[in-house]
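Here is run_23.cif, consisting of mmCIF, C-alpha atoms (C1' of nucleotides):
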data_coords
#
loop_
_atom_site.label_atom_id
_atom_site.label_comp_id
_atom_site.auth_asym_id
_atom_site.auth_seq_id
_atom_site.Cartn_x
_atom_site.Cartn_y
_atom_site.Cartn_z
CA MET U 1426 15.10 22.72 -29.52
CA ILE U 1427 15.85 21.09 -26.17
CA ASP U 1428 19.52 20.62 -25.52
CA GLU U 1429 21.48 18.83 -22.88
CA LEU U 1430 21.44 21.79 -20.49
CA ASP U 1431 17.66 22.07 -20.74
CA ARG U 1432 17.37 18.42 -19.91
CA ARG U 1433 19.54 18.75 -16.85
CA ILE U 1434 17.47 21.70 -15.70
CA LEU U 1435 14.22 19.85 -16.25
CA ALA U 1436 15.45 16.76 -14.47
CA ILE U 1437 16.04 18.79 -11.34
CA LEU U 1438 12.92 20.95 -11.52
CA GLN U 1439 10.70 17.92 -11.99
CA VAL U 1440 11.75 16.59 -8.64
CA ASP U 1441 12.13 19.88 -6.80
CA ALA U 1442 10.34 23.01 -7.91
CA SER U 1443 11.26 24.91 -4.76
CA ILE U 1444 14.95 25.12 -5.62
CA ASN U 1445 16.09 28.67 -6.19
CA ASN U 1446 17.66 29.84 -9.40
CA GLN U 1447 21.23 30.11 -8.24
CA ASP U 1448 21.33 26.69 -6.63
CA LEU U 1449 19.85 25.30 -9.80
CA ALA U 1450 22.45 27.09 -11.89
CA GLU U 1451 25.19 25.63 -9.77
CA ARG U 1452 23.90 22.10 -10.06
CA VAL U 1453 23.67 22.24 -13.85
CA HIS U 1454 27.02 24.03 -14.17
CA ALA U 1455 25.70 27.20 -15.73
CA SER U 1456 25.49 30.84 -14.69
CA ALA U 1457 22.40 32.04 -12.88
CA PRO U 1458 21.10 34.32 -15.66
CA THR U 1459 21.57 31.63 -18.29
CA CYS U 1460 19.67 29.23 -16.14
CA LEU U 1461 16.89 31.73 -15.59
CA ARG U 1462 16.58 32.38 -19.30
CA ARG U 1463 16.34 28.68 -20.03
CA VAL U 1464 13.65 28.12 -17.45
CA LYS U 1465 11.70 31.09 -18.73
CA ARG U 1466 11.90 29.79 -22.28
CA LEU U 1467 10.92 26.26 -21.27
CA ARG U 1468 7.89 27.77 -19.61
CA GLU U 1469 7.01 29.83 -22.65
CA ILE U 1470 7.24 26.99 -25.14
CA GLY U 1471 5.07 24.86 -22.90
CA VAL U 1472 7.53 22.19 -21.84
CA ILE U 1473 7.05 23.34 -18.28
CA GLU U 1474 3.32 23.29 -17.71
CA ARG U 1475 3.04 24.31 -14.08
CA GLN U 1476 4.49 23.90 -10.63
CA VAL U 1477 2.42 22.26 -7.96
CA THR U 1478 2.60 21.31 -4.31
CA LEU U 1479 2.13 17.66 -3.40
CA LEU U 1480 0.38 17.03 -0.12
CA SER U 1481 0.59 13.90 1.92
CA PRO U 1482 -2.65 12.03 1.18
CA THR U 1483 -2.85 10.82 4.75
CA ALA U 1484 -1.85 13.99 6.60
CA LEU U 1485 -5.25 15.57 6.15
CA GLY U 1486 -7.13 12.66 7.59
CA PRO U 1487 -8.11 9.28 6.19
CA SER U 1488 -8.65 8.96 2.49
CA LEU U 1489 -9.36 6.25 0.00
CA THR U 1490 -7.82 5.86 -3.41
CA ALA U 1491 -9.55 3.78 -6.04
CA ILE U 1492 -8.66 2.73 -9.55
CA VAL U 1493 -11.84 2.64 -11.59
CA GLU U 1494 -12.15 1.12 -15.04
CA LEU U 1495 -15.24 1.73 -17.00
CA SER U 1496 -16.76 1.09 -20.36
CA LEU U 1497 -19.47 3.04 -22.10
CA ASP U 1498 -22.38 1.59 -23.95
CA ILE U 1499 -21.68 3.49 -27.11
CA GLN U 1500 -18.12 4.48 -27.98
CA SER U 1501 -18.88 7.34 -30.31
CA ALA U 1502 -16.60 10.35 -30.07
CA GLU U 1503 -19.48 12.46 -28.75
CA ARG U 1504 -20.30 10.05 -25.94
CA LEU U 1505 -16.66 9.68 -24.95
CA ASP U 1506 -16.12 13.43 -24.94
CA ALA U 1507 -19.28 14.01 -22.97
CA PHE U 1508 -18.29 11.49 -20.35
CA GLU U 1509 -14.82 12.95 -20.15
CA ALA U 1510 -16.28 16.39 -19.52
CA ARG U 1511 -18.44 15.04 -16.68
CA VAL U 1512 -15.47 13.35 -15.13
CA ALA U 1513 -13.24 16.41 -15.42
CA GLY U 1514 -15.72 18.34 -13.31
CA GLU U 1515 -15.37 15.99 -10.35
CA ALA U 1516 -12.76 17.11 -7.83
CA ALA U 1517 -12.42 13.55 -6.56
CA VAL U 1518 -11.24 12.34 -9.94
CA MET U 1519 -7.51 12.87 -9.85
CA GLN U 1520 -6.62 11.27 -13.14
CA CYS U 1521 -8.48 10.12 -16.19
CA TYR U 1522 -7.02 8.10 -19.04
CA ARG U 1523 -8.78 7.18 -22.25
CA VAL U 1524 -7.48 3.74 -23.00
CA SER U 1525 -7.51 0.90 -25.48
CA PRO U 1526 -7.97 -2.02 -25.53
CA GLY U 1527 -10.08 -3.06 -22.56
CA PRO U 1528 -12.30 -0.51 -20.87
CA ASP U 1529 -12.82 2.94 -22.32
CA PHE U 1530 -11.51 4.88 -19.33
CA VAL U 1531 -9.32 4.31 -16.34
CA LEU U 1532 -9.79 6.74 -13.47
CA VAL U 1533 -7.84 7.33 -10.31
CA VAL U 1534 -10.19 8.73 -7.72
CA GLN U 1535 -9.53 10.02 -4.24
CA VAL U 1536 -12.30 10.25 -1.68
CA ALA U 1537 -12.62 10.61 2.08
CA ASP U 1538 -14.30 7.29 2.76
CA MET U 1539 -16.52 4.54 1.42
CA PRO U 1540 -19.75 6.52 1.57
CA ALA U 1541 -18.06 9.30 -0.39
CA TYR U 1542 -16.90 6.75 -2.93
CA HIS U 1543 -20.34 5.37 -3.26
CA ALA U 1544 -21.82 8.82 -3.71
CA LEU U 1545 -19.32 9.59 -6.43
CA VAL U 1546 -20.02 6.39 -8.30
CA HIS U 1547 -23.71 6.98 -8.05
CA ARG U 1548 -23.45 10.56 -9.21
CA LEU U 1549 -21.10 9.84 -12.04
CA PHE U 1550 -21.89 6.43 -13.35
CA ASN U 1551 -25.40 5.48 -12.49
CA ALA U 1552 -26.71 8.85 -13.53
CA ALA U 1553 -25.02 8.60 -16.92
CA ALA U 1554 -27.11 5.99 -18.67
CA ASN U 1555 -24.38 5.14 -21.10
CA VAL U 1556 -22.00 3.49 -18.65
CA ARG U 1557 -22.07 -0.21 -19.31
CA ASN U 1558 -19.50 -1.63 -17.01
CA VAL U 1559 -17.57 -0.53 -13.92
CA ARG U 1560 -14.75 -2.34 -12.21
CA ALA U 1561 -12.97 -0.85 -9.24
CA PHE U 1562 -9.94 -1.68 -7.14
CA PHE U 1563 -9.13 -0.02 -3.88
CA SER U 1564 -5.63 1.05 -3.18
CA VAL U 1565 -4.27 -0.32 0.05
CA GLN U 1566 -1.22 1.86 -0.25
CA ARG U 1567 0.28 4.15 -2.80
CA THR U 1568 3.75 2.84 -3.25
CA LYS U 1569 5.09 5.27 -5.75
CA PHE U 1570 3.90 8.54 -7.10
CA GLU U 1571 6.19 10.24 -9.53
CA THR U 1572 5.35 13.16 -11.69
CA ALA U 1573 8.77 13.19 -13.29
CA LEU U 1574 8.95 12.11 -16.90
CA PRO U 1575 11.97 10.07 -17.86
CA LEU U 1576 14.33 12.32 -19.80
CA MET Y 343 -4.38 21.16 13.87
CA ILE Y 344 -5.25 22.35 10.38
CA ASP Y 345 -7.53 25.34 10.43
CA GLU Y 346 -9.45 27.17 7.79
CA LEU Y 347 -6.54 29.44 6.88
CA ASP Y 348 -4.25 26.45 6.37
CA ARG Y 349 -6.80 24.94 4.07
CA ARG Y 350 -7.05 28.08 1.98
CA ILE Y 351 -3.28 28.20 1.70
CA LEU Y 352 -3.06 24.55 0.70
CA ALA Y 353 -5.80 24.89 -1.87
CA ILE Y 354 -3.80 27.55 -3.66
CA LEU Y 355 -0.38 25.95 -3.32
CA GLN Y 356 -1.64 22.64 -4.64
CA VAL Y 357 -2.52 24.27 -7.91
CA ASP Y 358 0.29 26.79 -8.09
CA ALA Y 359 3.53 26.31 -6.21
CA SER Y 360 5.25 29.18 -7.99
CA ILE Y 361 3.16 31.87 -6.32
CA ASN Y 362 5.21 34.17 -4.12
CA ASN Y 363 4.52 34.61 -0.46
CA GLN Y 364 2.96 38.03 -0.53
CA ASP Y 365 0.57 37.25 -3.35
CA LEU Y 366 -0.40 34.14 -1.46
CA ALA Y 367 -0.91 36.15 1.73
CA GLU Y 368 -3.13 38.56 -0.13
CA ARG Y 369 -5.27 35.84 -1.63
CA VAL Y 370 -5.90 34.15 1.72
CA HIS Y 371 -6.43 37.49 3.50
CA ALA Y 372 -3.52 37.18 5.88
CA SER Y 373 -0.30 39.05 6.45
CA ALA Y 374 2.84 37.88 4.66
CA PRO Y 375 4.71 36.68 7.76
CA THR Y 376 1.70 34.77 9.02
CA CYS Y 377 1.38 33.12 5.69
CA LEU Y 378 5.04 32.23 5.60
CA ARG Y 379 4.88 30.74 9.09
CA ARG Y 380 1.90 28.62 8.15
CA VAL Y 381 3.57 27.27 5.04
CA LYS Y 382 6.72 26.49 6.98
CA ARG Y 383 4.76 24.64 9.62
CA LEU Y 384 2.76 22.70 7.04
CA ARG Y 385 6.02 21.63 5.53
CA GLU Y 386 7.45 20.60 8.88
CA ILE Y 387 4.49 18.51 9.95
CA GLY Y 388 4.54 16.76 6.59
CA VAL Y 389 1.29 17.97 5.11
CA ILE Y 390 3.29 19.56 2.32
CA GLU Y 391 5.49 16.81 0.97
CA ARG Y 392 7.27 18.55 -1.89
CA GLN Y 393 6.91 20.91 -4.79
CA VAL Y 394 7.38 19.63 -8.29
CA THR Y 395 7.34 20.84 -11.86
CA LEU Y 396 4.92 19.21 -14.26
CA LEU Y 397 6.12 18.89 -17.82
CA SER Y 398 3.99 18.49 -20.87
CA PRO Y 399 4.18 14.77 -21.70
CA THR Y 400 4.13 15.52 -25.42
CA ALA Y 401 6.49 18.50 -25.51
CA LEU Y 402 9.56 16.31 -25.21
CA GLY Y 403 8.64 14.08 -28.09
CA PRO Y 404 6.24 11.19 -28.45
CA SER Y 405 5.53 9.08 -25.43
CA LEU Y 406 3.26 6.24 -24.49
CA THR Y 407 1.33 5.86 -21.27
CA ALA Y 408 0.13 2.46 -20.17
CA ILE Y 409 -1.98 1.25 -17.29
CA VAL Y 410 -0.66 -2.13 -16.21
CA GLU Y 411 -2.42 -4.46 -13.85
CA LEU Y 412 -0.59 -7.43 -12.52
CA SER Y 413 -0.93 -10.28 -10.13
CA LEU Y 414 1.79 -12.21 -8.40
CA ASP Y 415 1.93 -15.92 -8.00
CA ILE Y 416 2.34 -15.79 -4.26
CA GLN Y 417 0.88 -12.87 -2.30
CA SER Y 418 3.07 -13.07 0.76
CA ALA Y 419 4.17 -9.79 2.26
CA GLU Y 420 7.78 -10.53 1.30
CA ARG Y 421 6.95 -11.16 -2.33
CA LEU Y 422 4.79 -8.07 -2.56
CA ASP Y 423 7.45 -5.91 -0.93
CA ALA Y 424 10.15 -7.33 -3.15
CA PHE Y 425 8.15 -6.65 -6.27
CA GLU Y 426 7.34 -3.17 -5.09
CA ALA Y 427 11.03 -2.46 -4.60
CA ARG Y 428 11.81 -3.63 -8.15
CA VAL Y 429 9.09 -1.45 -9.55
CA ALA Y 430 10.16 1.61 -7.56
CA GLY Y 431 13.57 1.41 -9.19
CA GLU Y 432 12.17 1.80 -12.70
CA ALA Y 433 12.09 5.40 -13.89
CA ALA Y 434 9.36 4.54 -16.41
CA VAL Y 435 6.99 3.53 -13.62
CA MET Y 436 5.26 6.74 -12.68
CA GLN Y 437 2.80 5.36 -10.19
CA CYS Y 438 2.31 2.13 -8.36
CA TYR Y 439 -0.75 1.19 -6.31
CA ARG Y 440 -1.15 -1.91 -4.23
CA VAL Y 441 -4.78 -2.80 -4.68
CA SER Y 442 -7.52 -5.13 -3.62
CA PRO Y 443 -9.59 -6.87 -4.87
CA GLY Y 444 -8.54 -7.81 -8.37
CA PRO Y 445 -4.90 -7.69 -9.35
CA ASP Y 446 -2.18 -7.10 -6.77
CA PHE Y 447 -0.77 -3.95 -8.36
CA VAL Y 448 -1.83 -1.28 -10.75
CA LEU Y 449 0.98 0.64 -12.42
CA VAL Y 450 1.00 3.73 -14.56
CA VAL Y 451 4.03 3.57 -16.82
CA GLN Y 452 5.40 6.12 -19.23
CA VAL Y 453 7.75 5.09 -22.02
CA ALA Y 454 9.02 6.55 -25.28
CA ASP Y 455 7.52 3.96 -27.62
CA MET Y 456 6.34 0.40 -28.02
CA PRO Y 457 9.81 -1.18 -28.06
CA ALA Y 458 10.60 0.64 -24.84
CA TYR Y 459 7.37 -0.66 -23.34
CA HIS Y 460 8.22 -4.15 -24.38
CA ALA Y 461 11.69 -3.90 -22.91
CA LEU Y 462 10.25 -2.67 -19.62
CA VAL Y 463 7.74 -5.49 -19.43
CA HIS Y 464 10.39 -8.01 -20.21
CA ARG Y 465 12.82 -6.61 -17.67
CA LEU Y 466 10.28 -6.25 -14.95
CA PHE Y 467 7.73 -8.97 -15.34
CA ASN Y 468 9.23 -11.83 -17.26
CA ALA Y 469 12.42 -11.73 -15.26
CA ALA Y 470 10.50 -11.88 -11.99
CA ALA Y 471 9.28 -15.45 -11.94
CA ASN Y 472 6.50 -14.68 -9.51
CA VAL Y 473 4.35 -12.58 -11.83
CA ARG Y 474 1.33 -14.62 -12.74
CA ASN Y 475 -0.76 -12.34 -14.81
CA VAL Y 476 -0.37 -9.07 -16.68
CA ARG Y 477 -3.04 -6.98 -18.31
CA ALA Y 478 -2.23 -3.67 -19.96
CA PHE Y 479 -4.18 -0.82 -21.50
CA PHE Y 480 -2.62 1.91 -23.55
CA SER Y 481 -3.65 5.45 -22.96
CA VAL Y 482 -4.77 7.22 -26.08
CA GLN Y 483 -4.85 10.51 -24.25
CA ARG Y 484 -4.47 11.72 -20.74
CA THR Y 485 -7.60 13.66 -20.11
CA LYS Y 486 -7.02 14.85 -16.63
CA PHE Y 487 -4.07 14.87 -14.34
CA GLU Y 488 -4.61 16.49 -11.00
CA THR Y 489 -2.31 16.34 -8.07
CA ALA Y 490 -4.59 18.44 -5.89
CA LEU Y 491 -6.37 16.60 -3.10
CA PRO Y 492 -9.91 17.70 -2.43
CA LEU Y 493 -9.90 19.78 0.75
"C1'" DG N 945 28.36 35.60 -18.70
"C1'" DC N 946 28.74 39.59 -15.40
"C1'" DT N 947 27.13 43.43 -12.62
"C1'" DG N 948 23.91 46.35 -10.16
"C1'" DA N 949 19.25 48.07 -9.05
"C1'" DA N 950 14.72 46.66 -7.45
"C1'" DA N 951 11.96 43.52 -5.39
"C1'" DT N 952 11.34 39.79 -2.42
"C1'" DC N 953 12.13 36.89 1.39
"C1'" DA N 954 13.05 35.61 6.19
"C1'" DC N 955 13.67 36.60 10.70
"C1'" DA N 956 13.72 39.06 15.38
"C1'" DC N 957 10.93 41.85 18.06
"C1'" DA N 958 6.88 44.31 19.77
"C1'" DT N 959 1.84 43.70 20.27
"C1'" DT N 960 -2.74 42.10 21.03
"C1'" DA N 961 -6.46 39.08 22.16
"C1'" DT O 817 0.52 32.23 26.05
"C1'" DA O 818 0.13 31.74 21.49
"C1'" DA O 819 -0.69 33.76 17.32
"C1'" DT O 820 -0.43 38.13 14.64
"C1'" DG O 821 1.56 42.35 12.77
"C1'" DT O 822 5.72 45.64 12.04
"C1'" DG O 823 10.29 46.63 10.61
"C1'" DT O 824 14.95 45.59 9.06
"C1'" DG O 825 18.86 43.04 6.98
"C1'" DA O 826 20.06 39.55 3.72
"C1'" DT O 827 18.91 37.10 -0.76
"C1'" DT O 828 17.21 36.79 -4.97
"C1'" DT O 829 15.58 38.03 -9.20
"C1'" DC O 830 16.10 40.25 -13.53
"C1'" DA O 831 17.38 44.00 -16.45
"C1'" DG O 832 21.10 46.21 -19.16
"C1'" DC O 833 25.82 45.86 -20.61
#

Full structure transcribed into structure tokens:
Amino acid sequence: MIDELDRRILAILQVDASINNQDLAERVHASAPTCLRRVKRLREIGVIERQVTLLSPTALGPSLTAIVELSLDIQSAERLDAFEARVAGEAAVMQCYRVSPGPDFVLVVQVADMPAYHALVHRLFNAAANVRNVRAFFSVQRTKFETALPL
Amino acid sequence: MIDELDRRILAILQVDASINNQDLAERVHASAPTCLRRVKRLREIGVIERQVTLLSPTALGPSLTAIVELSLDIQSAERLDAFEARVAGEAAVMQCYRVSPGPDFVLVVQVADMPAYHALVHRLFNAAANVRNVRAFFSVQRTKFETALPL
DNA sequence: GCTGAAATCACACATTA
DNA sequence: TAATGTGTGATTTCAGC
């Protein structure tokens, strides 16, 4: 399904989506049309989900990243799904992982400042009666941020 | 420095980097050259860091995501930097945050399976004598993964 | 994998507020 | 004067062969 050439293509695209097709073709030692076909197929079968632009988190003014772990009162599928839906609607929530063991969710949130963080927590957690426990760490600096999956 | 038009451009590019310049221009109600100039400038001043391709984490076969919190024995700047450098070299480590309070680092790691996870932990943590404490959660499912900063 | 038509991009220049 | 809009040449994409 995914051969060696596909992998080489993906490895490059993961790191640099702005590369043009013929440069890509050159780097993977294939012809441009072949390369294009592969990319198109990888997109169609869902291996390539989307291409995004990463912005510098500091360039747009100060911002605060927090890692938030939280546990719900009741871990039924309905409650977990409902909470997840709430969380997904918050623009400040960058990532949400349903985990085990430990807390039920780990969130990575990005807000402008401490008041904004507080407002988010209040809106999201205090309002939802079924949050039992919250534990948060504030990121002093983001050392590494890779979106590239190991191939 | 960053005006309303820039913001509109960024909001779109964050979500879709594959959009072409004239479609982008149309959506932000600007001419194509203006749009192109803005994007170029945003890239130059570092607001736009890079464009990447996001792959489906499941499409390439099974994989395991873990959130790993760890504390070092000694929190001197040198030790922290040294650990950070080790971590940055591991392809399986997708994200690394230096946090406070709580543990010293929070990592998001992505590996093929449990043995691979174990090997990583052994390589990274056990080998480095200055890791005091490790706590890991395994992600059952990644609910949300946004790279877009709230504008 | 190659070639050619169609679209797209990128840049210099004129223009306006 | 600084940002916008117009036009043209060069690339790039993408179809058929």

(message) For the PyMOL selection byres ((chain U and resi 1525-1539) around 7), applied here, can you spell out every residue it catches as a PyMOL selection string?
(response) (chain U and resi 1487-1497+1517-1524+1540-1543) or (chain Y and resi 479-482)

(message) Please report the interatomic distance between atom CA of U:Gln1566 and atom CA of U:Leu1480 in Å with one decimal.
(response)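 Atom CA of U:Leu1480 lies at a distance of 15.3 Å from atom CA of U:Gln1566.
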
(message) Assuming the chain letters and numbering stay as they are in my file, what does the PyMOL selection byres ((chain O) within 9 of (chain Y)) actually select? List them as a PyMOL selection string.
(response) chain O and resi 819-821

(message) Under the PyMOL selection byres ((chain N) within 12 of (chain U)), which residues of this model are included? Write them out as a list in words.
(response) DG945, DC946, DT947 and DC953 of chain N

For the selection just defined, write its residues with C-alpha atoms (C1' of nucleotides) to a file, as a JSON list (two decimals), in the coordinates of the input.
[["chain", "number", "residue", "atom", "x", "y", "z"],
["N", 945, "DG", "C1'", 28.36, 35.60, -18.70],
["N", 946, "DC", "C1'", 28.74, 39.59, -15.40],
["N", 947, "DT", "C1'", 27.13, 43.43, -12.62],
["N", 953, "DC", "C1'", 12.13, 36.89, 1.39]]

(request) Write out as a list of chain:residue names the residues lying within 12 Å of O:DG823, counting only C-alpha atoms (C1' of nucleotides) and excluding same-chain residues fewer than 2 positions away. (result)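 Contacts, with the query itself left out: Y:Pro375, N:DC955, N:DA956, N:DC957, N:DA958, O:DG821, O:DG825.
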
(request) Select, from Y:Ile351, Y:Leu491, Y:Ala471, Y:Val370, the residue with the minimum atom-to-atom distance to chain U, counting all atoms listed in the file. (result)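 Counting all atoms listed in the file, the residue closest to chain U is Y:Leu491.
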
(message) Nearest residue to chain Y out of U:Arg1462, U:Arg1475, U:Arg1548, U:Arg1504, using only C-alpha atoms?
(response)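 Ranking U:Arg1462, U:Arg1475, U:Arg1548, U:Arg1504 by distance to chain Y, first place goes to U:Arg1475.
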
(message) So the first atom is atom CA of U:Arg1432 and the second is atom CA of Y:Gln356; what is the distance between them in Å, to one decimal place?
(response) 24.7 Å

(message) Ranking Y:Arg369, Y:Arg383, Y:Phe487, Y:Ile361 by minimum distance to chain U and counting all atoms listed in the file, which one comes first?
(response)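 Once distances to chain U are computed over all atoms listed in the file, the minimum belongs to Y:Phe487.
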
(request) In Å, rounded to a single decimal, give me how far atom CA of U:Leu1467 is from atom CA of Y:Leu366. (result) 24.1 Å

How big is the axis-aligned box around all listed atoms of stretch 951-956 of chain N once 3 Å goes on each side, and where's its centre, in Å to one decimal, as lines of an AutoDock Vina configuration file?
center_x = 12.5
center_y = 39.6
center_z = 5.0
size_x = 8.4
size_y = 13.9
size_z = 26.8

(request) Compare U:Ala1450, U:Ile1427, U:Ala1573, U:Leu1461 by their minimum atom-to-atom distance to O:DT829, counting all atoms listed in the file, and give me the closest one. (result)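 Going through U:Ala1450, U:Ile1427, U:Ala1573, U:Leu1461 one by one, the smallest distance to O:DT829 is for U:Leu1461.
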
(message) Restricting the calculation to all atoms listed in the file: of U:Ala1544, U:Ile1437, U:Ala1442, U:Ala1507, which residue gets closest to chain Y?
(response)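 Smallest separation from chain Y among the options: U:Ala1442.
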
(request) Between U:Met1426, U:Val1440, U:Ala1502, U:Leu1435, single out the one closest to U:Ile1470, counting only C-alpha atoms. (result)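 Result for the nearest residue to U:Ile1470: U:Met1426.
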
N, CA, C and O atoms (P, O5', C5', C4', C3', O3' and C1' of nucleotides) of stretch 817-829 of chain O, written as a compact mmCIF listing (two decimals), in the first residue's frame:
# COMPACT_ATOMS: atom_id res chain seq x y z
P DT O 817 10.54 60.48 0.73
O5' DT O 817 9.53 59.39 1.23
C5' DT O 817 8.59 59.81 2.24
C4' DT O 817 7.53 58.71 2.38
C3' DT O 817 7.99 57.33 1.89
O3' DT O 817 7.40 56.35 2.72
C1' DT O 817 6.05 57.92 0.76
P DA O 818 8.28 55.25 3.40
O5' DA O 818 7.16 54.17 3.74
C5' DA O 818 5.91 54.63 4.29
C4' DA O 818 4.75 54.00 3.55
C3' DA O 818 4.97 52.53 3.15
O3' DA O 818 3.85 51.78 3.55
C1' DA O 818 4.18 53.74 1.31
P DA O 819 4.00 50.20 3.81
O5' DA O 819 2.60 49.65 3.30
C5' DA O 819 1.44 50.43 3.52
C4' DA O 819 0.59 50.44 2.28
C3' DA O 819 0.36 49.05 1.65
O3' DA O 819 -1.03 48.79 1.60
C1' DA O 819 0.89 50.65 0.00
P DT O 820 -1.61 47.42 1.10
O5' DT O 820 -2.23 47.73 -0.33
C5' DT O 820 -3.22 48.75 -0.47
C4' DT O 820 -3.41 49.05 -1.93
C3' DT O 820 -3.86 47.85 -2.79
O3' DT O 820 -5.14 48.14 -3.34
C1' DT O 820 -2.12 49.09 -3.85
P DG O 821 -5.98 46.99 -4.05
O5' DG O 821 -5.63 47.18 -5.59
C5' DG O 821 -6.08 48.35 -6.26
C4' DG O 821 -5.44 48.45 -7.63
C3' DG O 821 -5.74 47.28 -8.59
O3' DG O 821 -6.11 47.83 -9.84
C1' DG O 821 -3.41 47.68 -8.50
P DT O 822 -6.75 46.91 -11.01
O5' DT O 822 -5.58 46.86 -12.10
C5' DT O 822 -5.11 48.08 -12.68
C4' DT O 822 -3.97 47.79 -13.64
C3' DT O 822 -4.19 46.62 -14.60
O3' DT O 822 -3.90 47.06 -15.93
C1' DT O 822 -2.11 46.41 -13.53
P DG O 823 -4.25 46.14 -17.19
O5' DG O 823 -2.83 45.53 -17.56
C5' DG O 823 -1.78 46.42 -17.97
C4' DG O 823 -0.47 45.66 -18.07
C3' DG O 823 -0.51 44.43 -18.99
O3' DG O 823 0.59 44.51 -19.89
C1' DG O 823 0.38 43.83 -16.87
P DT O 824 0.60 43.63 -21.25
O5' DT O 824 1.91 42.76 -21.03
C5' DT O 824 3.12 43.42 -20.67
C4' DT O 824 4.08 42.42 -20.04
C3' DT O 824 4.24 41.13 -20.84
O3' DT O 824 5.62 40.91 -21.10
C1' DT O 824 3.88 40.66 -18.55
P DG O 825 6.00 39.83 -22.24
O5' DG O 825 7.02 38.90 -21.43
C5' DG O 825 8.10 39.50 -20.72
C4' DG O 825 8.62 38.54 -19.66
C3' DG O 825 9.03 37.17 -20.20
O3' DG O 825 10.23 36.76 -19.55
C1' DG O 825 7.34 36.90 -18.56
P DA O 826 10.97 35.45 -20.00
O5' DA O 826 10.71 34.51 -18.73
C5' DA O 826 11.16 34.96 -17.46
C4' DA O 826 10.66 34.00 -16.38
C3' DA O 826 11.03 32.53 -16.61
O3' DA O 826 11.51 31.99 -15.39
C1' DA O 826 8.70 32.72 -16.33
P DT O 827 12.27 30.62 -15.35
O5' DT O 827 11.37 29.75 -14.34
C5' DT O 827 9.97 29.90 -14.42
C4' DT O 827 9.30 29.39 -13.17
C3' DT O 827 9.44 27.88 -12.98
O3' DT O 827 9.28 27.57 -11.60
C1' DT O 827 7.24 28.43 -13.72
P DT O 828 9.41 26.08 -11.10
O5' DT O 828 7.88 25.61 -11.09
C5' DT O 828 6.90 26.52 -10.60
C4' DT O 828 5.51 25.92 -10.72
C3' DT O 828 5.48 24.39 -10.57
O3' DT O 828 4.47 24.05 -9.65
C1' DT O 828 4.41 25.05 -12.59
P DT O 829 4.33 22.59 -9.07
O5' DT O 829 2.94 22.11 -9.67
C5' DT O 829 1.81 22.98 -9.54
C4' DT O 829 0.80 22.71 -10.63
C3' DT O 829 0.24 21.28 -10.65
O3' DT O 829 -1.18 21.39 -10.61
C1' DT O 829 0.86 21.97 -12.82
